[in-house]
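Heads up, model20.cif below (mmCIF, C-alpha atoms):
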```cif
data_coords
#
loop_
_atom_site.label_atom_id
_atom_site.label_comp_id
_atom_site.auth_asym_id
_atom_site.auth_seq_id
_atom_site.Cartn_x
_atom_site.Cartn_y
_atom_site.Cartn_z
CA ILE A 19 -25.41 12.21 -6.67
CA GLN A 20 -22.57 10.32 -5.02
CA SER A 21 -21.05 12.36 -2.17
CA TYR A 22 -17.93 10.26 -1.71
CA ALA A 23 -15.24 8.44 -3.68
CA ILE A 24 -13.28 5.27 -2.91
CA ASP A 25 -10.24 4.36 -5.02
CA TYR A 26 -8.22 1.15 -4.94
CA GLU A 27 -4.72 0.49 -6.24
CA VAL A 28 -2.60 -2.65 -6.51
CA LYS A 29 1.12 -2.09 -7.13
CA LEU A 30 4.16 -4.29 -7.78
CA LEU A 31 7.61 -2.77 -7.15
CA SER A 32 11.17 -3.93 -7.69
CA ASP A 33 12.02 -2.55 -4.22
CA ARG A 34 9.65 -1.14 -1.61
CA ARG A 35 11.10 1.95 0.07
CA THR A 36 10.08 4.31 2.87
CA ASN A 37 11.95 7.59 3.34
CA GLY A 38 14.54 6.34 0.86
CA LEU A 39 15.33 3.16 2.85
CA SER A 40 14.35 -0.30 1.64
CA ASP A 41 11.70 -2.06 3.74
CA THR A 42 12.11 -5.26 1.72
CA TYR A 43 15.87 -5.79 2.04
CA LEU A 44 16.37 -4.60 -1.58
CA ARG A 45 13.87 -7.18 -2.84
CA PRO A 46 10.56 -6.79 -4.75
CA GLY A 47 7.49 -5.55 -2.93
CA THR A 48 3.72 -5.28 -3.25
CA GLU A 49 1.18 -2.74 -2.05
CA PHE A 50 -2.61 -2.53 -1.84
CA THR A 51 -3.91 0.97 -1.18
CA VAL A 52 -7.39 2.34 -0.50
CA ASN A 53 -8.12 6.08 -0.61
CA ALA A 54 -11.51 7.40 0.51
CA ALA A 55 -12.75 11.00 0.31
CA HIS A 56 -16.06 12.60 1.30
CA GLU A 57 -17.35 15.86 -0.13
CA SER A 58 -17.13 17.36 3.36
CA GLY A 59 -13.33 17.09 3.21
CA VAL A 60 -12.99 14.03 5.44
CA ILE A 61 -10.47 11.55 4.04
CA GLY A 62 -9.33 8.03 4.87
CA TYR A 63 -6.32 6.00 3.83
CA LEU A 64 -5.24 2.38 4.22
CA GLN A 65 -2.19 0.69 2.75
CA LEU A 66 -1.00 -2.90 3.12
CA GLY A 67 2.49 -3.82 2.00
CA ASN A 68 5.17 -6.44 2.48
CA VAL A 69 8.37 -6.05 4.52
CA ALA A 70 11.42 -8.20 5.19
CA LYS A 71 12.24 -9.90 8.49
CA ALA A 72 15.81 -8.66 8.12
CA ASN A 73 14.42 -5.14 8.54
CA PHE A 74 11.69 -5.91 11.08
CA SER A 75 12.62 -8.83 13.30
CA GLY A 76 9.85 -11.38 13.86
CA SER A 77 7.40 -9.69 11.51
CA ASN A 78 4.63 -11.49 9.64
CA LEU A 79 6.22 -10.04 6.48
CA TRP A 80 3.60 -7.32 6.06
CA THR A 81 2.76 -3.89 7.39
CA ALA A 82 -0.29 -1.63 7.43
CA VAL A 83 -0.63 2.14 7.46
CA ALA A 84 -4.00 3.66 8.37
CA ALA A 85 -4.83 7.37 8.43
CA VAL A 86 -7.81 9.68 8.78
CA GLY A 87 -7.90 13.41 8.29
CA TYR A 88 -9.51 16.49 6.80
CA ARG A 89 -8.53 18.48 3.69
CA TRP A 90 -9.72 21.85 2.49
CA GLY A 91 -8.78 24.63 0.11
CA ASN A 92 -8.42 24.99 -3.66
CA PRO A 93 -6.80 21.98 -5.40
CA GLN A 94 -5.44 24.35 -8.07
CA GLY A 95 -4.19 26.85 -5.49
CA TRP A 96 -3.46 26.68 -1.77
CA HIS A 97 -4.80 23.60 -0.04
CA TYR A 98 -4.32 22.18 3.44
CA GLY A 99 -4.75 19.02 5.48
CA VAL A 100 -4.57 17.69 9.03
CA GLY A 101 -4.77 14.15 10.28
CA VAL A 102 -3.41 11.27 12.31
CA ALA A 103 -1.77 8.08 11.08
CA GLN A 104 -0.74 4.72 12.51
CA GLU A 105 1.89 2.39 11.07
CA MET A 106 1.63 -1.22 12.26
CA PHE A 107 4.02 -4.18 12.01
CA PRO A 108 2.16 -7.29 13.29
CA SER A 109 4.34 -9.56 15.46
CA ALA A 110 7.52 -7.60 14.65
CA VAL A 111 9.55 -7.18 17.82
CA VAL A 112 13.17 -6.96 18.93
CA LYS A 113 13.27 -9.31 21.94
CA ASP A 114 15.57 -9.21 24.94
CA ALA A 115 17.90 -6.47 23.68
CA PRO A 116 20.17 -5.14 26.46
CA ARG A 117 19.23 -1.74 27.83
CA ASN A 118 22.90 -1.08 28.44
CA PRO A 119 25.35 -4.02 28.26
CA PHE A 120 28.06 -1.91 29.91
CA VAL A 121 25.95 -1.52 33.06
CA ASP A 122 24.02 -4.82 33.25
CA PRO A 123 24.05 -7.26 30.29
CA THR A 124 21.14 -9.20 31.84
CA ASP A 125 18.81 -6.16 31.94
CA THR A 126 16.88 -6.42 28.67
CA MET A 127 13.81 -4.93 26.99
CA ASN A 128 11.46 -5.70 24.09
CA THR A 129 10.68 -3.18 21.36
CA ASN A 130 8.01 -3.16 18.65
CA PHE A 131 8.00 -1.05 15.49
CA ASP A 132 4.45 0.38 15.59
CA THR A 133 4.43 4.16 15.18
CA SER A 134 1.81 6.90 15.59
CA PHE A 135 1.98 10.24 13.76
CA ALA A 136 0.31 13.63 13.73
CA VAL A 137 0.17 14.93 10.15
CA LEU A 138 0.03 18.40 8.58
CA GLU A 139 -0.22 19.03 4.84
CA LEU A 140 0.31 22.18 2.80
CA GLY A 141 0.19 22.44 -0.96
CA TYR A 142 -0.03 24.85 -3.84
CA GLY A 143 -1.15 23.44 -7.15
CA MET A 144 1.01 20.44 -8.04
CA VAL A 145 3.51 20.99 -5.19
CA GLU A 146 2.68 19.34 -1.87
CA ALA A 147 4.50 19.30 1.47
CA ARG A 148 3.78 16.94 4.36
CA TYR A 149 5.04 17.20 7.95
CA LEU A 150 4.76 14.31 10.41
CA LYS A 151 5.58 14.28 14.10
CA VAL A 152 5.91 11.01 16.01
CA SER A 153 3.54 10.77 18.99
CA SER A 154 4.29 7.14 19.97
CA LYS A 155 7.14 6.16 22.31
CA ASP A 156 9.40 5.20 19.40
CA PHE A 157 9.66 5.86 15.67
CA ARG A 158 9.90 2.47 13.97
CA GLY A 159 11.57 0.95 17.03
CA ASN A 160 14.36 3.48 17.30
CA ASN A 161 15.52 3.57 20.91
CA THR A 162 18.84 3.06 22.70
CA SER A 163 18.69 -0.74 22.82
CA VAL A 164 17.80 -1.10 19.12
CA VAL A 165 19.89 1.67 17.52
CA CYS A 166 23.04 1.02 19.55
CA GLY A 167 22.60 -2.75 19.53
CA SER A 168 22.07 -2.92 15.75
CA ARG A 169 25.67 -1.89 15.31
CA PHE A 170 27.34 -3.10 18.51
CA ILE A 171 26.23 -6.74 18.51
CA PRO A 172 27.36 -7.60 14.91
CA GLU A 173 30.64 -5.73 15.43
CA LEU A 174 31.19 -7.51 18.75
CA LEU A 175 30.69 -10.91 17.08
CA ALA A 176 33.08 -9.89 14.30
CA GLY A 177 35.65 -8.60 16.80
CA THR A 178 35.59 -5.06 15.37
CA ALA A 179 33.52 -3.26 18.02
CA ASP A 180 34.56 0.26 19.01
CA LEU A 181 33.75 0.04 22.71
CA ALA A 182 34.24 3.76 23.37
CA ALA A 183 31.84 4.75 20.59
CA THR A 184 29.33 2.11 21.66
CA ALA A 185 29.43 3.22 25.29
CA ALA A 186 28.80 6.79 24.16
CA CYS A 187 25.81 5.60 22.13
CA TYR A 188 24.22 3.82 25.10
CA GLY A 189 24.94 6.72 27.47
CA ASP A 190 23.61 6.58 31.00
CA SER A 191 19.91 5.89 30.33
CA VAL A 192 17.52 4.46 27.73
CA LYS A 193 16.41 7.08 25.21
CA HIS A 194 13.35 6.87 22.96
CA SER A 195 12.45 8.65 19.73
CA ARG A 196 9.07 10.22 20.49
CA GLY A 197 9.04 13.65 18.88
CA SER A 198 10.91 12.58 15.74
CA GLN A 199 10.00 14.69 12.71
CA LEU A 200 9.60 13.91 9.02
CA LEU A 201 9.21 16.40 6.18
CA SER A 202 8.60 15.65 2.50
CA ILE A 203 8.03 17.81 -0.57
CA ASP A 204 6.57 16.21 -3.70
CA THR A 205 5.48 17.26 -7.15
CA LYS A 206 4.11 15.59 -10.27
CA TYR A 207 4.67 17.70 -13.36
CA PRO A 208 2.65 16.73 -16.45
CA LEU A 209 4.86 16.28 -19.51
CA ARG A 210 1.79 15.28 -21.55
CA HIS A 211 -1.66 13.89 -20.82
CA ASP A 212 -0.38 10.37 -20.03
CA THR A 213 3.12 11.08 -18.65
CA LYS A 214 4.33 12.86 -15.51
CA LEU A 215 7.71 13.81 -14.11
CA ILE A 216 7.95 12.94 -10.41
CA ALA A 217 10.25 14.63 -7.90
CA HIS A 218 10.57 14.18 -4.14
CA VAL A 219 12.87 15.28 -1.34
CA GLY A 220 12.46 14.10 2.25
CA TYR A 221 14.07 14.68 5.63
CA THR A 222 13.86 12.33 8.63
CA GLN A 223 15.07 13.62 12.01
CA VAL A 224 15.12 10.84 14.62
CA LYS A 225 15.05 12.40 18.07
CA ASN A 226 18.02 11.49 20.31
CA PHE A 227 19.72 9.61 17.46
CA SER A 228 21.29 12.10 15.09
CA GLN A 229 23.47 9.34 13.61
CA VAL A 230 20.45 7.93 11.71
CA ARG A 231 19.18 11.30 10.46
CA THR A 232 18.40 10.85 6.76
CA ILE A 233 17.79 12.94 3.66
CA ASP A 234 16.22 11.14 0.71
CA TYR A 235 15.55 12.02 -2.92
CA LYS A 236 13.51 10.63 -5.78
CA LEU A 237 13.34 11.59 -9.44
CA GLY A 238 11.28 9.59 -11.87
CA VAL A 239 8.72 9.38 -14.63
CA ALA A 240 5.23 7.83 -14.61
CA HIS A 241 3.35 6.78 -17.73
CA THR A 242 -0.22 5.50 -18.08
CA ARG A 243 -1.04 2.99 -20.82
CA TRP A 244 -3.51 0.11 -21.23
CA GLY A 245 -5.12 1.09 -17.93
CA LEU A 246 -1.86 0.55 -16.04
CA ASP A 247 0.52 3.02 -14.40
CA PHE A 248 4.20 2.39 -15.16
CA GLU A 249 6.84 4.21 -13.11
CA LEU A 250 10.62 4.30 -12.98
CA ASP A 251 12.35 6.20 -10.18
CA ALA A 252 15.93 6.89 -9.19
CA ILE A 253 15.93 6.81 -5.37
CA ALA A 254 18.81 7.87 -3.13
CA ALA A 255 19.22 8.31 0.63
CA SER A 256 21.95 9.90 2.70
CA MET A 257 22.14 8.77 6.33
CA ARG A 258 24.43 10.79 8.62
CA ASP A 259 26.28 7.64 9.71
CA ARG A 260 25.88 5.16 6.88
CA SER A 261 27.12 2.25 8.99
CA TYR A 262 23.66 2.18 10.59
CA ALA A 263 22.13 1.43 7.19
CA ILE A 264 23.90 -1.95 7.09
CA THR A 265 21.24 -4.59 7.80
CA TYR A 266 21.90 -8.22 8.72
CA ASP A 267 19.65 -11.17 7.87
CA THR A 268 19.35 -14.36 9.93
CA TYR A 269 22.24 -15.92 7.99
CA GLY A 270 24.65 -13.11 8.74
CA HIS A 271 24.49 -11.65 5.23
CA THR A 272 24.47 -7.86 4.97
CA LYS A 273 22.94 -5.27 2.66
CA ARG A 274 22.94 -1.48 2.64
CA ILE A 275 19.26 -0.53 2.70
CA ASP A 276 20.12 3.06 1.73
CA ARG A 277 21.77 2.05 -1.53
CA THR A 278 20.94 4.25 -4.51
CA ALA A 279 18.78 2.32 -6.97
CA LEU A 280 16.42 2.46 -9.91
CA VAL A 281 13.01 1.27 -8.71
CA ALA A 282 10.42 0.14 -11.25
CA SER A 283 6.74 -0.35 -10.52
CA ILE A 284 3.49 -1.19 -12.22
CA ALA A 285 0.09 -0.35 -10.74
CA LYS A 286 -3.58 -0.88 -11.51
CA ARG A 287 -6.23 1.51 -10.18
CA PHE A 288 -9.87 0.54 -9.68
#
```
Go through the file and emit its structure as structure tokens.
Amino acid sequence: IQSYAIDYEVKLLSDRRTNGLSDTYLRPGTEFTVNAAHESGVIGYLQLGNVAKANFSGSNLWTAVAAVGYRWGNPQGWHYGVGVAQEMFPSAVVKDAPRNPFVDPTDTMNTNFDTSFAVLELGYGMVEARYLKVSSKDFRGNNTSVVCGSRFIPELLAGTADLAATAACYGDSVKHSRGSQLLSIDTKYPLRHDTKLIAHVGYTQVKNFSQVRTIDYKLGVAHTRWGLDFELDAIAASMRDRSYAITYDTYGHTKRIDRTALVASIAKRF
């Protein structure tokens, strides 16, 4: 009797989003996901997906999330989980960003986007909650040089910089985002045997940078037919200061990566 299960999924999406924010600059995305579970309760997870260089400077246009953990309890009642996860962005780095241009414009630092998490899960029946706490130095590269510079440098080039606000952002020392917290609550309610209603609400608290604190929502429907999973979701995000959601590409074009959108996807499980 097989004591473990390994499931694979390939998915195409019209926009690939994390915590309500587009990782693909509002463009289509792909994912390949592997879920592994042992009868002891040990679980493993690996997901590969594409990202945009506009979002993650210098990236190889893909990311990987790997996790390992342990789940127990009654799937129809209370169930629990603990684990650790690592999000990786190969070659993605913000190079030579000033630590504080008001103190010394020549004093720079490099920042990558790799992030480590501790994970707790709690669920009852079809409702599941997940709490993540960032254990790496930064959460997706959020530190003083990146957060403050992402707004200051484009505004400076455009001649619209608010120097007082920017100076307040940089402060008197470099701050990192270790200890950031993420909370999500999800449910999949069966409308019939092949169709589910999907609902999600998430909260992202970035330590030391309350201006990028975000609440995100998702409401959608998933339908299985011909061995494929079709899904359509309305996704919205509310960042405390929405000007930080404006992302620039290498040509100076801008997009709001928190823009409310309908996201369609099609997936095949193996």
Note to self: Which residues, named as in the file, does the PyMOL selection byres ((chain A and resi 246) around 7) pick out? Answer as a PyMOL selection string.
What the structure shows: chain A and resi 242-245+247-248+284-286
Margin query: Please enumerate the residues selected by the PyMOL selection byres ((chain A and resi 121) around 12) when evaluated against the supplied file, formatted as a PyMOL selection string.
Written below: chain A and resi 116-120+122-126+185+188-192
Check: Residues at most 6 Å from segment 153-162 of chain A, counting only C-alpha atoms, excluding those fewer than 6 positions away in the same chain, as a PyMOL selection string?
Finding: chain A and resi 130-131+133-135+188+192-196
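Minimum distance to Ala147 of chain A across A:Lys113, A:His241, A:His97, A:Arg274 (counting all atoms listed in the file) occurs at A:His97.
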Checklist line | One-decimal distance in Å that lies between atom CA of Leu79 of chain A and atom CA of Asn128 of chain A | finding: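 It comes out at 18.9 Å.
Comparing the minimum interatomic distances between Thr265 of chain A and each of A:Thr51, A:Ser228, A:Ser168, A:Gln94, counting all atoms listed in the file, we find that A:Ser168 sits nearest.
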Next item on the list: Starting from the shown file, work through the PyMOL selection byres ((chain A and resi 52) around 10) and note down what comes out as a PyMOL selection string.
Entry: chain A and resi 24-28+50-51+53-54+62-66+84+287-288
For those residues, write C-alpha atoms to a file as a PDB file, keeping the file's coordinate frame.
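Written file, out-v3.pdb:
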```
ATOM      1  CA  ILE A  24     -13.280   5.270  -2.910  1.00  0.00           C
ATOM      2  CA  ASP A  25     -10.240   4.360  -5.020  1.00  0.00           C
ATOM      3  CA  TYR A  26      -8.220   1.150  -4.940  1.00  0.00           C
ATOM      4  CA  GLU A  27      -4.720   0.490  -6.240  1.00  0.00           C
ATOM      5  CA  VAL A  28      -2.600  -2.650  -6.510  1.00  0.00           C
ATOM      6  CA  PHE A  50      -2.610  -2.530  -1.840  1.00  0.00           C
ATOM      7  CA  THR A  51      -3.910   0.970  -1.180  1.00  0.00           C
ATOM      8  CA  ASN A  53      -8.120   6.080  -0.610  1.00  0.00           C
ATOM      9  CA  ALA A  54     -11.510   7.400   0.510  1.00  0.00           C
ATOM     10  CA  GLY A  62      -9.330   8.030   4.870  1.00  0.00           C
ATOM     11  CA  TYR A  63      -6.320   6.000   3.830  1.00  0.00           C
ATOM     12  CA  LEU A  64      -5.240   2.380   4.220  1.00  0.00           C
ATOM     13  CA  GLN A  65      -2.190   0.690   2.750  1.00  0.00           C
ATOM     14  CA  LEU A  66      -1.000  -2.900   3.120  1.00  0.00           C
ATOM     15  CA  ALA A  84      -4.000   3.660   8.370  1.00  0.00           C
ATOM     16  CA  ARG A 287      -6.230   1.510 -10.180  1.00  0.00           C
ATOM     17  CA  PHE A 288      -9.870   0.540  -9.680  1.00  0.00           C
TER      18      PHE A 288
END
```
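Straight-line separation from atom CA of Val239 of chain A to atom CA of Leu215 of chain A: 4.6 Å.
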Item checked: Proximity to Leu280 of chain A - best of A:Ser77, A:Gln20, A:Thr129, A:Ser32, only C-alpha atoms ->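 For Leu280 of chain A, the nearest of the candidates is A:Ser32.
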Margin query: Using only C-alpha atoms and a cutoff of 10 Å, can you tell me which residues are near (-14.3, 13.9, 5.0) in the file's coordinates, and write them out as a list in words?
Written below: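 Nearby residues: Ser21, Tyr22, Ala54, Ala55, His56, Glu57, Ser58, Gly59, Val60, Ile61, Gly62, Val86, Gly87, Tyr88, Arg89 and Trp90 of chain A.
Distances here use all atoms listed in the file; by that measure, the residue among A:Val145, A:His271, A:Ala182, A:Thr81 closest to His218 of chain A is A:Val145.
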Using only C-alpha atoms, what table do you get, as CSV, when you list each residue of segment 222-245 of chain A with an atom no more than 7 Å from segment 199-204 of chain A, its nearest pair of atoms, and their distance in Å rounded to one decimal, rows by chain then rising number?
```
residue,atom,partner,partner_atom,distance
A:Thr222,CA,A:Leu200,CA,4.6
A:Gln223,CA,A:Gln199,CA,5.2
A:Val224,CA,A:Gln199,CA,6.7
```
Notebook entry, point to check: Any idea what's packed within 7 Å of Gly197 of chain A, counting only C-alpha atoms, ignoring anything in its chain fewer than 5 positions away? Could you give it as a count of residues only?
Noted result: 4
Next item on the list: One decimal, Å: what's the distance from atom CA of Ser256 of chain A over to atom CA of Lys206 of chain A, could you say?
Entry: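 Spanning atom CA of Ser256 of chain A to atom CA of Lys206 of chain A is a straight-line distance of 22.8 Å.
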Show which residues sit within 8 Å of Gly141 of chain A, as a PDB file with C-alpha atoms, in the frame of the given file. Count all atoms listed in the file, and ignore same-chain residues fewer than 2 positions away.
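Resulting contents of part_5.pdb:
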```pdb
ATOM      1  CA  GLY A  95      -4.190  26.850  -5.490  1.00  0.00           C
ATOM      2  CA  TRP A  96      -3.460  26.680  -1.770  1.00  0.00           C
ATOM      3  CA  HIS A  97      -4.800  23.600  -0.040  1.00  0.00           C
ATOM      4  CA  TYR A  98      -4.320  22.180   3.440  1.00  0.00           C
ATOM      5  CA  GLU A 139      -0.220  19.030   4.840  1.00  0.00           C
ATOM      6  CA  GLY A 143      -1.150  23.440  -7.150  1.00  0.00           C
ATOM      7  CA  MET A 144       1.010  20.440  -8.040  1.00  0.00           C
ATOM      8  CA  VAL A 145       3.510  20.990  -5.190  1.00  0.00           C
ATOM      9  CA  GLU A 146       2.680  19.340  -1.870  1.00  0.00           C
ATOM     10  CA  ALA A 147       4.500  19.300   1.470  1.00  0.00           C
TER      11      ALA A 147
END
```
Margin query: With all atoms listed in the file as the counted atoms, please give the residues lying no more than 12 Å from Tyr269 of chain A, apart from itself and same-chain residues fewer than 2 positions off, as a list in words.
Written below: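 These residues fall inside the cut-off: Lys71, Ala72, Pro172, Thr265, Tyr266, Asp267, His271, Thr272 and Lys273 of chain A.
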